[in-house]
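*Asks:* Next up is a structure, given as structure tokens.
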Amino acid sequence: MDGLQTIDARETAGREFRYFDFVMVAFVVILLLSNVIGAGKPALVDLPFIGPWPFGAGILFFPLSYLIGDILTEVYGYARARRCVWAGFAGLIFMAFMEQVVVALPPASGWTGQASYEYVFGKSIFVSPEAATGLRIILASITAFWVGEFANSFVLAKLKILTNGRMLWTRTVGSTVVAQGFDSLIFYPLAFYGMADWPAHQIGAVMLSQFVLKVSWEVLLTPVTYLVVNFLKRREGVDVYDRGTDFSPFKARL
């Protein structure tokens, strides 16, 4: 982009960015809310020429975390995106723990909302052994997120170097295809394989359907990605490339 200083990601260490904190907060908030609000609700819409189309409500917003992950890596580099992934990972762990504790706490006399809490968040493993199924789904979701987000950032950073910063859409869509592939391949088998009401063919069908929907959502949001990336790059004044970056997911250093 004209007028921007092209730098290697290692040169950003210690540098203050004007909007990084806001993007990081947006990433973590959308990640947590899409898991706690939308994950458990099946929705149904009547599409023209197609008819009734069922889908998980979380799919409307969870892919936004990948979109923001694209923006973080493209604008600020892999190392800062890595910090955001770990912040989101820690947030998911704490959220799952908090859900388990709050549901397990004995309700006050006369309070009638316990059944609703258990319906929304599931029974707590601390008081109900059969709640292990719900905990399995939570852990599968966290694992799939961790692998998928790091794959997303890695692929995008490498493609940016290969394309010399051109054709942003190739790396946002390409990284999403890889990341959502990992996400689906990890989550559904870990969460549902072996369950009586989840035969193997159904798991495969749902995996494929969710993968197509998530990637399609990313493609549709490509114009938004361009607008946000261009805005942030102009405001920050740099174009960051991950040349020489240590891509280990277990590093914290910029």
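For the structure tokens, the naming scheme is as follows: chains receive sequential letters (A, B, ...) according to their order of presentation, residues are indexed from 1 within each chain, and ligands are indexed from 1 in presentation order.
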Find the nearest atom pair between each residue of region 74-162 of chain A and region 187-210 of chain A for residues within 12 Å, count only C-alpha atoms, give distances in Å to one decimal, sort rows by chain and ascending number, and present the table as JSON lines.
*Replies:*
```
{"residue": "A:Ala132", "atom": "CA", "partner": "A:Ala191", "partner_atom": "CA", "distance": 10.9}
{"residue": "A:Thr133", "atom": "CA", "partner": "A:Ala191", "partner_atom": "CA", "distance": 8.1}
{"residue": "A:Gly134", "atom": "CA", "partner": "A:Ala191", "partner_atom": "CA", "distance": 8.6}
{"residue": "A:Leu135", "atom": "CA", "partner": "A:Ala191", "partner_atom": "CA", "distance": 9.1}
{"residue": "A:Arg136", "atom": "CA", "partner": "A:Ala191", "partner_atom": "CA", "distance": 5.8}
{"residue": "A:Ile137", "atom": "CA", "partner": "A:Ala191", "partner_atom": "CA", "distance": 4.5}
{"residue": "A:Ile138", "atom": "CA", "partner": "A:Ala191", "partner_atom": "CA", "distance": 7.9}
{"residue": "A:Leu139", "atom": "CA", "partner": "A:Ala191", "partner_atom": "CA", "distance": 8.0}
{"residue": "A:Ala140", "atom": "CA", "partner": "A:Phe187", "partner_atom": "CA", "distance": 5.1}
{"residue": "A:Ser141", "atom": "CA", "partner": "A:Phe187", "partner_atom": "CA", "distance": 5.7}
{"residue": "A:Ile142", "atom": "CA", "partner": "A:Phe187", "partner_atom": "CA", "distance": 8.5}
{"residue": "A:Thr143", "atom": "CA", "partner": "A:Phe187", "partner_atom": "CA", "distance": 7.5}
{"residue": "A:Ala144", "atom": "CA", "partner": "A:Phe187", "partner_atom": "CA", "distance": 5.3}
{"residue": "A:Phe145", "atom": "CA", "partner": "A:Phe187", "partner_atom": "CA", "distance": 8.5}
{"residue": "A:Trp146", "atom": "CA", "partner": "A:Phe187", "partner_atom": "CA", "distance": 10.8}
{"residue": "A:Val147", "atom": "CA", "partner": "A:Phe187", "partner_atom": "CA", "distance": 10.2}
{"residue": "A:Gly148", "atom": "CA", "partner": "A:Phe187", "partner_atom": "CA", "distance": 10.0}
```
*Asks:* If you count only C-alpha atoms, which residues fall within 8 Å of region 57-73 of chain A, apart from same-chain ones fewer than 6 positions away, as a compact mmCIF listing (two decimals) with all heavy atoms, in the first residue's frame?
*Replies:*
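Contents of around38.txt, as written:
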```txt
# COMPACT_ATOMS: atom_id res chain seq x y z
N PHE A 20 -4.25 -1.70 18.24
CA PHE A 20 -4.06 -3.13 18.51
C PHE A 20 -4.91 -3.60 19.69
O PHE A 20 -5.55 -4.65 19.63
CB PHE A 20 -2.58 -3.43 18.78
CG PHE A 20 -2.35 -4.84 19.26
CD1 PHE A 20 -2.46 -5.92 18.39
CD2 PHE A 20 -2.06 -5.10 20.60
CE1 PHE A 20 -2.27 -7.22 18.83
CE2 PHE A 20 -1.86 -6.39 21.05
CZ PHE A 20 -1.97 -7.46 20.16
N VAL A 23 -8.52 -4.17 18.73
CA VAL A 23 -8.74 -5.35 17.90
C VAL A 23 -8.62 -6.62 18.75
O VAL A 23 -9.39 -7.57 18.59
CB VAL A 23 -7.73 -5.38 16.73
CG1 VAL A 23 -7.98 -6.60 15.85
CG2 VAL A 23 -7.82 -4.12 15.90
N MET A 24 -7.68 -6.64 19.68
CA MET A 24 -7.50 -7.79 20.56
C MET A 24 -8.74 -8.01 21.42
O MET A 24 -9.22 -9.14 21.56
CB MET A 24 -6.28 -7.58 21.45
CG MET A 24 -6.01 -8.73 22.42
SD MET A 24 -4.52 -8.42 23.40
CE MET A 24 -4.46 -9.93 24.37
N ALA A 26 -11.79 -7.03 20.75
CA ALA A 26 -12.88 -7.49 19.88
C ALA A 26 -12.75 -8.98 19.59
O ALA A 26 -13.74 -9.71 19.59
CB ALA A 26 -12.86 -6.70 18.58
N PHE A 27 -11.53 -9.43 19.36
CA PHE A 27 -11.28 -10.85 19.09
C PHE A 27 -11.74 -11.72 20.26
O PHE A 27 -12.47 -12.70 20.09
CB PHE A 27 -9.79 -11.05 18.83
CG PHE A 27 -9.37 -12.49 18.67
CD1 PHE A 27 -9.56 -13.16 17.47
CD2 PHE A 27 -8.77 -13.17 19.72
CE1 PHE A 27 -9.17 -14.48 17.31
CE2 PHE A 27 -8.38 -14.49 19.58
CZ PHE A 27 -8.59 -15.15 18.38
N VAL A 28 -11.31 -11.38 21.47
CA VAL A 28 -11.63 -12.19 22.64
C VAL A 28 -13.12 -12.13 22.97
O VAL A 28 -13.75 -13.15 23.27
CB VAL A 28 -10.79 -11.74 23.86
CG1 VAL A 28 -11.20 -12.51 25.11
CG2 VAL A 28 -9.30 -11.95 23.59
N ILE A 30 -15.74 -11.49 20.94
CA ILE A 30 -16.54 -12.23 19.97
C ILE A 30 -16.37 -13.73 20.16
O ILE A 30 -17.33 -14.50 20.07
CB ILE A 30 -16.16 -11.81 18.54
CG1 ILE A 30 -16.66 -10.39 18.28
CG2 ILE A 30 -16.75 -12.77 17.51
CD1 ILE A 30 -16.23 -9.82 16.95
N LEU A 31 -15.15 -14.15 20.45
CA LEU A 31 -14.89 -15.57 20.67
C LEU A 31 -15.70 -16.10 21.85
O LEU A 31 -16.38 -17.13 21.75
CB LEU A 31 -13.40 -15.78 20.93
CG LEU A 31 -12.97 -17.19 21.31
CD1 LEU A 31 -13.17 -18.15 20.14
CD2 LEU A 31 -11.51 -17.19 21.76
N SER A 34 -19.67 -15.82 21.20
CA SER A 34 -20.18 -16.76 20.20
C SER A 34 -20.24 -18.17 20.76
O SER A 34 -21.07 -18.98 20.34
CB SER A 34 -19.31 -16.73 18.94
OG SER A 34 -17.99 -17.15 19.21
N ASN A 35 -19.36 -18.47 21.72
CA ASN A 35 -19.39 -19.79 22.34
C ASN A 35 -20.46 -19.92 23.42
O ASN A 35 -21.08 -20.97 23.56
CB ASN A 35 -18.02 -20.12 22.94
CG ASN A 35 -17.06 -20.74 21.94
OD1 ASN A 35 -17.03 -21.94 21.74
ND2 ASN A 35 -16.30 -19.89 21.27
N ILE A 37 -23.26 -17.80 23.87
CA ILE A 37 -24.61 -17.40 23.50
C ILE A 37 -25.15 -18.23 22.34
O ILE A 37 -26.27 -18.72 22.37
CB ILE A 37 -24.66 -15.90 23.15
CG1 ILE A 37 -24.34 -15.06 24.38
CG2 ILE A 37 -26.03 -15.52 22.59
CD1 ILE A 37 -24.30 -13.57 24.12
N GLY A 38 -24.36 -18.37 21.28
CA GLY A 38 -24.89 -18.98 20.08
C GLY A 38 -24.68 -20.47 19.93
O GLY A 38 -25.33 -21.12 19.11
N ALA A 39 -23.75 -21.05 20.72
CA ALA A 39 -23.33 -22.42 20.46
C ALA A 39 -24.44 -23.45 20.61
O ALA A 39 -24.50 -24.43 19.87
CB ALA A 39 -22.16 -22.77 21.37
N GLY A 40 -25.33 -23.25 21.58
CA GLY A 40 -26.29 -24.29 21.88
C GLY A 40 -27.64 -24.17 21.21
O GLY A 40 -28.53 -24.99 21.47
N LYS A 41 -27.83 -23.16 20.36
CA LYS A 41 -29.16 -22.96 19.78
C LYS A 41 -29.21 -23.37 18.32
O LYS A 41 -28.53 -22.79 17.48
CB LYS A 41 -29.56 -21.48 19.89
CG LYS A 41 -30.96 -21.22 19.30
CD LYS A 41 -31.40 -19.79 19.49
CE LYS A 41 -32.78 -19.57 18.88
NZ LYS A 41 -33.28 -18.20 19.09
N PRO A 42 -30.04 -24.36 17.98
CA PRO A 42 -30.28 -24.66 16.57
C PRO A 42 -31.30 -23.67 16.03
O PRO A 42 -32.31 -23.40 16.66
CB PRO A 42 -30.85 -26.08 16.60
CG PRO A 42 -31.46 -26.22 17.97
CD PRO A 42 -30.68 -25.33 18.88
N ALA A 43 -31.01 -23.11 14.86
CA ALA A 43 -31.91 -22.14 14.24
C ALA A 43 -32.39 -22.67 12.90
O ALA A 43 -31.83 -23.61 12.35
CB ALA A 43 -31.20 -20.80 14.08
N ALA A 79 3.26 -12.69 15.69
CA ALA A 79 3.56 -12.73 17.13
C ALA A 79 2.46 -12.07 17.96
O ALA A 79 2.07 -12.59 19.01
CB ALA A 79 4.91 -12.06 17.40
N ARG A 80 1.96 -10.95 17.48
CA ARG A 80 0.87 -10.30 18.21
C ARG A 80 -0.43 -11.08 18.08
O ARG A 80 -1.22 -11.15 19.03
CB ARG A 80 0.70 -8.85 17.74
CG ARG A 80 1.69 -7.90 18.38
CD ARG A 80 1.42 -6.45 17.99
NE ARG A 80 2.11 -5.54 18.90
CZ ARG A 80 3.40 -5.23 18.83
NH1 ARG A 80 4.13 -5.77 17.86
NH2 ARG A 80 3.95 -4.40 19.69
N ALA A 81 -0.67 -11.67 16.91
CA ALA A 81 -1.84 -12.53 16.77
C ALA A 81 -1.73 -13.72 17.72
O ALA A 81 -2.72 -14.16 18.31
CB ALA A 81 -1.96 -13.01 15.33
N GLU A 149 -6.92 -21.53 15.00
CA GLU A 149 -6.46 -20.14 14.97
C GLU A 149 -4.97 -20.05 14.67
O GLU A 149 -4.54 -19.15 13.92
CB GLU A 149 -6.77 -19.44 16.30
CG GLU A 149 -8.22 -19.02 16.46
CD GLU A 149 -8.59 -17.86 15.54
OE1 GLU A 149 -7.71 -17.30 14.87
OE2 GLU A 149 -9.79 -17.54 15.47
N ASN A 152 -4.52 -20.74 11.06
CA ASN A 152 -4.99 -19.57 10.31
C ASN A 152 -3.90 -18.50 10.23
O ASN A 152 -3.59 -17.99 9.14
CB ASN A 152 -6.24 -19.01 10.98
CG ASN A 152 -6.90 -17.90 10.17
OD1 ASN A 152 -7.43 -18.14 9.10
ND2 ASN A 152 -6.85 -16.69 10.68
N SER A 153 -3.32 -18.15 11.37
CA SER A 153 -2.31 -17.10 11.40
C SER A 153 -1.04 -17.52 10.66
O SER A 153 -0.43 -16.71 9.95
CB SER A 153 -1.97 -16.75 12.86
OG SER A 153 -3.06 -16.12 13.48
N LEU A 156 -1.68 -17.51 6.81
CA LEU A 156 -1.82 -16.16 6.29
C LEU A 156 -0.47 -15.44 6.26
O LEU A 156 -0.14 -14.76 5.27
CB LEU A 156 -2.82 -15.37 7.13
CG LEU A 156 -3.20 -14.00 6.55
CD1 LEU A 156 -4.68 -13.71 6.77
CD2 LEU A 156 -2.38 -12.87 7.16
N ALA A 157 0.32 -15.57 7.32
CA ALA A 157 1.62 -14.90 7.38
C ALA A 157 2.54 -15.40 6.27
O ALA A 157 3.25 -14.61 5.63
CB ALA A 157 2.26 -15.11 8.75
N THR A 172 -6.58 -14.49 2.99
CA THR A 172 -7.66 -14.56 3.98
C THR A 172 -8.53 -15.80 3.72
O THR A 172 -8.88 -16.52 4.65
CB THR A 172 -8.53 -13.30 3.95
OG1 THR A 172 -9.08 -13.12 2.64
CG2 THR A 172 -7.71 -12.07 4.33
N THR A 176 -8.34 -19.42 5.84
CA THR A 176 -9.61 -19.87 6.44
C THR A 176 -9.94 -21.30 6.03
O THR A 176 -10.43 -22.09 6.85
CB THR A 176 -10.76 -18.93 6.04
OG1 THR A 176 -10.49 -17.63 6.55
CG2 THR A 176 -12.09 -19.42 6.59
N GLN A 210 -20.84 -27.54 7.93
CA GLN A 210 -20.32 -26.42 8.71
C GLN A 210 -19.08 -25.82 8.07
O GLN A 210 -18.89 -24.60 8.07
CB GLN A 210 -20.01 -26.87 10.14
CG GLN A 210 -21.23 -27.33 10.94
CD GLN A 210 -22.21 -26.18 11.17
OE1 GLN A 210 -21.89 -25.19 11.81
NE2 GLN A 210 -23.42 -26.33 10.67
N LEU A 213 -20.21 -23.67 5.12
CA LEU A 213 -20.87 -22.44 5.58
C LEU A 213 -19.86 -21.44 6.14
O LEU A 213 -19.93 -20.24 5.86
CB LEU A 213 -21.91 -22.78 6.63
CG LEU A 213 -23.19 -23.45 6.13
CD1 LEU A 213 -24.04 -23.92 7.29
CD2 LEU A 213 -23.98 -22.51 5.23
N LYS A 214 -18.91 -21.92 6.93
CA LYS A 214 -17.93 -21.02 7.54
C LYS A 214 -17.01 -20.39 6.50
O LYS A 214 -16.72 -19.19 6.55
CB LYS A 214 -17.11 -21.77 8.59
CG LYS A 214 -17.90 -22.13 9.84
CD LYS A 214 -17.06 -22.98 10.79
CE LYS A 214 -17.86 -23.36 12.02
NZ LYS A 214 -17.09 -24.23 12.94
N TRP A 217 -18.95 -17.83 4.55
CA TRP A 217 -19.12 -16.62 5.36
C TRP A 217 -17.88 -15.75 5.26
O TRP A 217 -17.97 -14.53 5.15
CB TRP A 217 -19.40 -17.03 6.79
CG TRP A 217 -19.94 -16.01 7.75
CD1 TRP A 217 -19.64 -15.95 9.08
CD2 TRP A 217 -20.87 -14.96 7.52
NE1 TRP A 217 -20.32 -14.92 9.69
CE2 TRP A 217 -21.09 -14.29 8.74
CE3 TRP A 217 -21.54 -14.51 6.39
CZ2 TRP A 217 -21.94 -13.20 8.87
CZ3 TRP A 217 -22.39 -13.41 6.52
CH2 TRP A 217 -22.58 -12.78 7.74
N GLU A 218 -16.72 -16.38 5.31
CA GLU A 218 -15.46 -15.64 5.18
C GLU A 218 -15.37 -14.97 3.81
O GLU A 218 -14.95 -13.81 3.69
CB GLU A 218 -14.28 -16.59 5.37
CG GLU A 218 -12.91 -15.96 5.12
CD GLU A 218 -12.44 -15.06 6.24
OE1 GLU A 218 -12.92 -15.24 7.38
OE2 GLU A 218 -11.61 -14.17 5.99
N THR A 225 -13.19 -7.21 5.33
CA THR A 225 -11.80 -7.42 5.71
C THR A 225 -10.90 -6.40 5.03
O THR A 225 -10.01 -5.81 5.66
CB THR A 225 -11.36 -8.84 5.33
OG1 THR A 225 -12.25 -9.79 5.90
CG2 THR A 225 -9.95 -9.11 5.83
N VAL A 228 -11.32 -2.90 6.74
CA VAL A 228 -10.71 -2.81 8.07
C VAL A 228 -9.20 -2.86 7.98
O VAL A 228 -8.50 -2.07 8.64
CB VAL A 228 -11.24 -3.93 8.98
CG1 VAL A 228 -10.54 -3.90 10.33
CG2 VAL A 228 -12.75 -3.80 9.17
N VAL A 229 -8.67 -3.77 7.17
CA VAL A 229 -7.21 -3.89 7.03
C VAL A 229 -6.62 -2.59 6.48
O VAL A 229 -5.62 -2.07 7.00
CB VAL A 229 -6.85 -5.08 6.12
CG1 VAL A 229 -5.39 -4.99 5.66
CG2 VAL A 229 -7.08 -6.39 6.86
```
*Asks:* Looking only at the backbone, which of the residues in region 59-200 of chain A does DSSP tag as helix (DSSP H, G or I), as a ChimeraX atom specification?
*Replies:* /A:59-60,63-76,78-104,114-121,129-162,168-192,200
*Asks:* Got a sec to tell me which of region 37-196 of chain A DSSP assigns to strand (DSSP E or B), as an MDAnalysis selection string?
*Replies:* chainID A and resid 42:47 51:56
*Asks:* Keeping only C-alpha atoms, take the residues you just selected and write them out as a PDB file, in the first residue's frame.
*Replies:*
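Wrote again-v6.pdb, looks like this:
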```pdb
ATOM      1  CA  PRO A  42     -30.281 -24.659  16.568  1.00  0.00           C
ATOM      2  CA  ALA A  43     -31.912 -22.135  14.243  1.00  0.00           C
ATOM      3  CA  LEU A  44     -34.023 -22.473  11.112  1.00  0.00           C
ATOM      4  CA  VAL A  45     -34.457 -20.075   8.207  1.00  0.00           C
ATOM      5  CA  ASP A  46     -36.574 -20.418   5.074  1.00  0.00           C
ATOM      6  CA  LEU A  47     -34.309 -19.634   2.117  1.00  0.00           C
ATOM      7  CA  GLY A  51     -36.548 -24.065   1.648  1.00  0.00           C
ATOM      8  CA  PRO A  52     -35.985 -24.626   5.366  1.00  0.00           C
ATOM      9  CA  TRP A  53     -32.300 -24.570   6.262  1.00  0.00           C
ATOM     10  CA  PRO A  54     -31.253 -25.573   9.802  1.00  0.00           C
ATOM     11  CA  PHE A  55     -27.977 -24.313  11.260  1.00  0.00           C
ATOM     12  CA  GLY A  56     -26.270 -23.720  14.570  1.00  0.00           C
TER      13      GLY A  56
END
```
*Asks:* Find the residues around region 237-253 of chain A up to 7 Å (only C-alpha atoms counted), leave out those fewer than 4 positions away in its own chain, and share them as a PyMOL selection string.
*Replies:* chain A and resi 4-10+75-78+82-83+150+157+161+233
*Asks:* Give me a file of those residues, with all heavy atoms, as a compact mmCIF listing (two decimals), in the first residue's frame.
*Replies:*
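Generated file (again_30.txt):
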```
# COMPACT_ATOMS: atom_id res chain seq x y z
N LEU A 4 3.08 3.49 3.07
CA LEU A 4 3.31 2.71 4.29
C LEU A 4 4.77 2.30 4.38
O LEU A 4 5.42 2.01 3.37
CB LEU A 4 2.42 1.46 4.32
CG LEU A 4 0.92 1.69 4.35
CD1 LEU A 4 0.20 0.34 4.43
CD2 LEU A 4 0.51 2.56 5.53
N GLN A 5 5.26 2.24 5.61
CA GLN A 5 6.61 1.74 5.85
C GLN A 5 6.55 0.22 5.95
O GLN A 5 5.87 -0.33 6.81
CB GLN A 5 7.16 2.33 7.15
CG GLN A 5 8.55 1.84 7.51
CD GLN A 5 8.99 2.29 8.89
OE1 GLN A 5 8.22 2.90 9.63
NE2 GLN A 5 10.23 1.98 9.25
N THR A 6 7.26 -0.47 5.06
CA THR A 6 7.30 -1.93 5.08
C THR A 6 8.38 -2.38 6.06
O THR A 6 9.56 -2.02 5.91
CB THR A 6 7.60 -2.49 3.68
OG1 THR A 6 6.56 -2.06 2.79
CG2 THR A 6 7.65 -4.01 3.71
N ILE A 7 8.00 -3.17 7.06
CA ILE A 7 8.95 -3.61 8.08
C ILE A 7 8.75 -5.09 8.37
O ILE A 7 7.70 -5.66 8.11
CB ILE A 7 8.78 -2.81 9.39
CG1 ILE A 7 7.37 -3.01 9.98
CG2 ILE A 7 9.07 -1.33 9.18
CD1 ILE A 7 7.18 -2.35 11.34
N ASP A 8 9.81 -5.71 8.91
CA ASP A 8 9.71 -7.08 9.39
C ASP A 8 9.05 -7.07 10.76
O ASP A 8 9.18 -6.10 11.53
CB ASP A 8 11.10 -7.72 9.50
CG ASP A 8 11.70 -8.01 8.13
OD1 ASP A 8 10.94 -7.96 7.14
OD2 ASP A 8 12.91 -8.28 8.05
N ALA A 9 8.36 -8.16 11.08
CA ALA A 9 7.63 -8.22 12.34
C ALA A 9 8.53 -8.02 13.54
O ALA A 9 8.12 -7.47 14.57
CB ALA A 9 6.90 -9.56 12.45
N ARG A 10 9.80 -8.46 13.44
CA ARG A 10 10.72 -8.32 14.58
C ARG A 10 10.97 -6.85 14.93
O ARG A 10 11.32 -6.53 16.07
CB ARG A 10 12.04 -9.01 14.26
CG ARG A 10 11.94 -10.54 14.21
CD ARG A 10 13.22 -11.17 13.71
NE ARG A 10 13.50 -10.79 12.32
CZ ARG A 10 14.56 -11.20 11.64
NH1 ARG A 10 15.45 -11.99 12.23
NH2 ARG A 10 14.75 -10.82 10.38
N VAL A 75 -2.15 -7.15 9.78
CA VAL A 75 -1.78 -5.78 10.16
C VAL A 75 -0.64 -5.75 11.17
O VAL A 75 0.29 -4.94 11.04
CB VAL A 75 -3.01 -5.02 10.72
CG1 VAL A 75 -2.61 -3.61 11.17
CG2 VAL A 75 -4.11 -4.96 9.68
N TYR A 76 -0.68 -6.65 12.17
CA TYR A 76 0.26 -6.55 13.28
C TYR A 76 1.29 -7.68 13.34
O TYR A 76 2.22 -7.63 14.16
CB TYR A 76 -0.51 -6.51 14.61
CG TYR A 76 -1.44 -5.33 14.70
CD1 TYR A 76 -2.81 -5.48 14.53
CD2 TYR A 76 -0.95 -4.05 14.93
CE1 TYR A 76 -3.67 -4.40 14.60
CE2 TYR A 76 -1.80 -2.95 15.00
CZ TYR A 76 -3.17 -3.14 14.83
OH TYR A 76 -4.01 -2.06 14.90
N GLY A 77 1.13 -8.71 12.51
CA GLY A 77 2.11 -9.78 12.49
C GLY A 77 1.70 -10.98 13.34
O GLY A 77 0.83 -10.88 14.22
N TYR A 78 2.35 -12.10 13.06
CA TYR A 78 2.00 -13.36 13.71
C TYR A 78 2.19 -13.32 15.22
O TYR A 78 1.37 -13.87 15.96
CB TYR A 78 2.87 -14.48 13.12
CG TYR A 78 2.68 -15.83 13.75
CD1 TYR A 78 1.70 -16.70 13.28
CD2 TYR A 78 3.47 -16.26 14.81
CE1 TYR A 78 1.52 -17.96 13.85
CE2 TYR A 78 3.29 -17.50 15.40
CZ TYR A 78 2.33 -18.35 14.91
OH TYR A 78 2.15 -19.58 15.48
N ARG A 82 -0.52 -14.25 17.89
CA ARG A 82 -0.30 -15.37 18.81
C ARG A 82 -0.70 -15.01 20.23
O ARG A 82 -1.32 -15.80 20.94
CB ARG A 82 1.18 -15.77 18.75
CG ARG A 82 1.60 -16.85 19.73
CD ARG A 82 3.02 -17.32 19.45
NE ARG A 82 3.96 -16.21 19.42
CZ ARG A 82 5.17 -16.27 18.85
NH1 ARG A 82 5.56 -17.38 18.25
NH2 ARG A 82 5.96 -15.23 18.86
N ARG A 83 -0.36 -13.82 20.66
CA ARG A 83 -0.76 -13.38 22.00
C ARG A 83 -2.28 -13.32 22.14
O ARG A 83 -2.84 -13.68 23.18
CB ARG A 83 -0.16 -12.00 22.29
CG ARG A 83 1.33 -12.02 22.56
CD ARG A 83 1.81 -10.71 23.15
NE ARG A 83 3.17 -10.82 23.63
CZ ARG A 83 3.77 -9.92 24.39
NH1 ARG A 83 3.11 -8.82 24.75
NH2 ARG A 83 5.01 -10.08 24.80
N PHE A 150 -4.17 -20.94 15.25
CA PHE A 150 -2.74 -20.90 14.95
C PHE A 150 -2.48 -21.29 13.50
O PHE A 150 -1.61 -20.72 12.84
CB PHE A 150 -1.96 -21.79 15.91
CG PHE A 150 -1.59 -21.10 17.18
CD1 PHE A 150 -2.05 -21.56 18.40
CD2 PHE A 150 -0.80 -19.97 17.16
CE1 PHE A 150 -1.72 -20.91 19.59
CE2 PHE A 150 -0.46 -19.29 18.34
CZ PHE A 150 -0.92 -19.77 19.55
N ALA A 157 0.32 -15.57 7.32
CA ALA A 157 1.62 -14.90 7.38
C ALA A 157 2.54 -15.40 6.27
O ALA A 157 3.25 -14.61 5.63
CB ALA A 157 2.26 -15.11 8.75
N ILE A 161 4.02 -13.34 2.57
CA ILE A 161 5.39 -13.27 2.06
C ILE A 161 5.44 -13.79 0.63
O ILE A 161 6.06 -13.18 -0.25
CB ILE A 161 6.33 -14.07 2.97
CG1 ILE A 161 6.38 -13.44 4.37
CG2 ILE A 161 7.74 -14.12 2.37
CD1 ILE A 161 7.12 -14.26 5.39
N LYS A 233 -4.00 -0.25 8.56
CA LYS A 233 -2.65 -0.03 8.04
C LYS A 233 -2.36 1.46 7.85
O LYS A 233 -1.26 1.94 8.17
CB LYS A 233 -2.45 -0.79 6.73
CG LYS A 233 -2.26 -2.29 6.90
CD LYS A 233 -1.99 -2.96 5.56
CE LYS A 233 -1.75 -4.45 5.73
NZ LYS A 233 -1.45 -5.12 4.44
```
*Asks:* Compare A:Phe211, A:Phe154, A:Tyr226, A:Tyr117 by their minimum atom-to-atom distance to Arg166 (chain A), counting only C-alpha atoms, and give me the closest one.
*Replies:* A:Tyr226
*Asks:* Can you pull out every residue within 12 Å of Glu99 (chain A), counting only C-alpha atoms, but drop anything in the same chain fewer than 4 positions away, and send it as a ChimeraX atom specification?
*Replies:* /A:35-36,92-95,103-105,117-118,120-126,134-135,138
*Asks:* Counting only C-alpha atoms, what is within 9 Å of Gly174 (chain A), bar same-chain residues fewer than 3 positions away, as a PyMOL selection string?
*Replies:* chain A and resi 152+155-156+159+169-171+177-179
*Asks:* Find, counting only C-alpha atoms, the residue in A:Leu185, A:Ile50, A:Val224, A:Ala115 that gets nearest to Leu168 (chain A).
*Replies:*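 Nearest candidate to Leu168 (chain A) out of A:Leu185, A:Ile50, A:Val224, A:Ala115: A:Val224.
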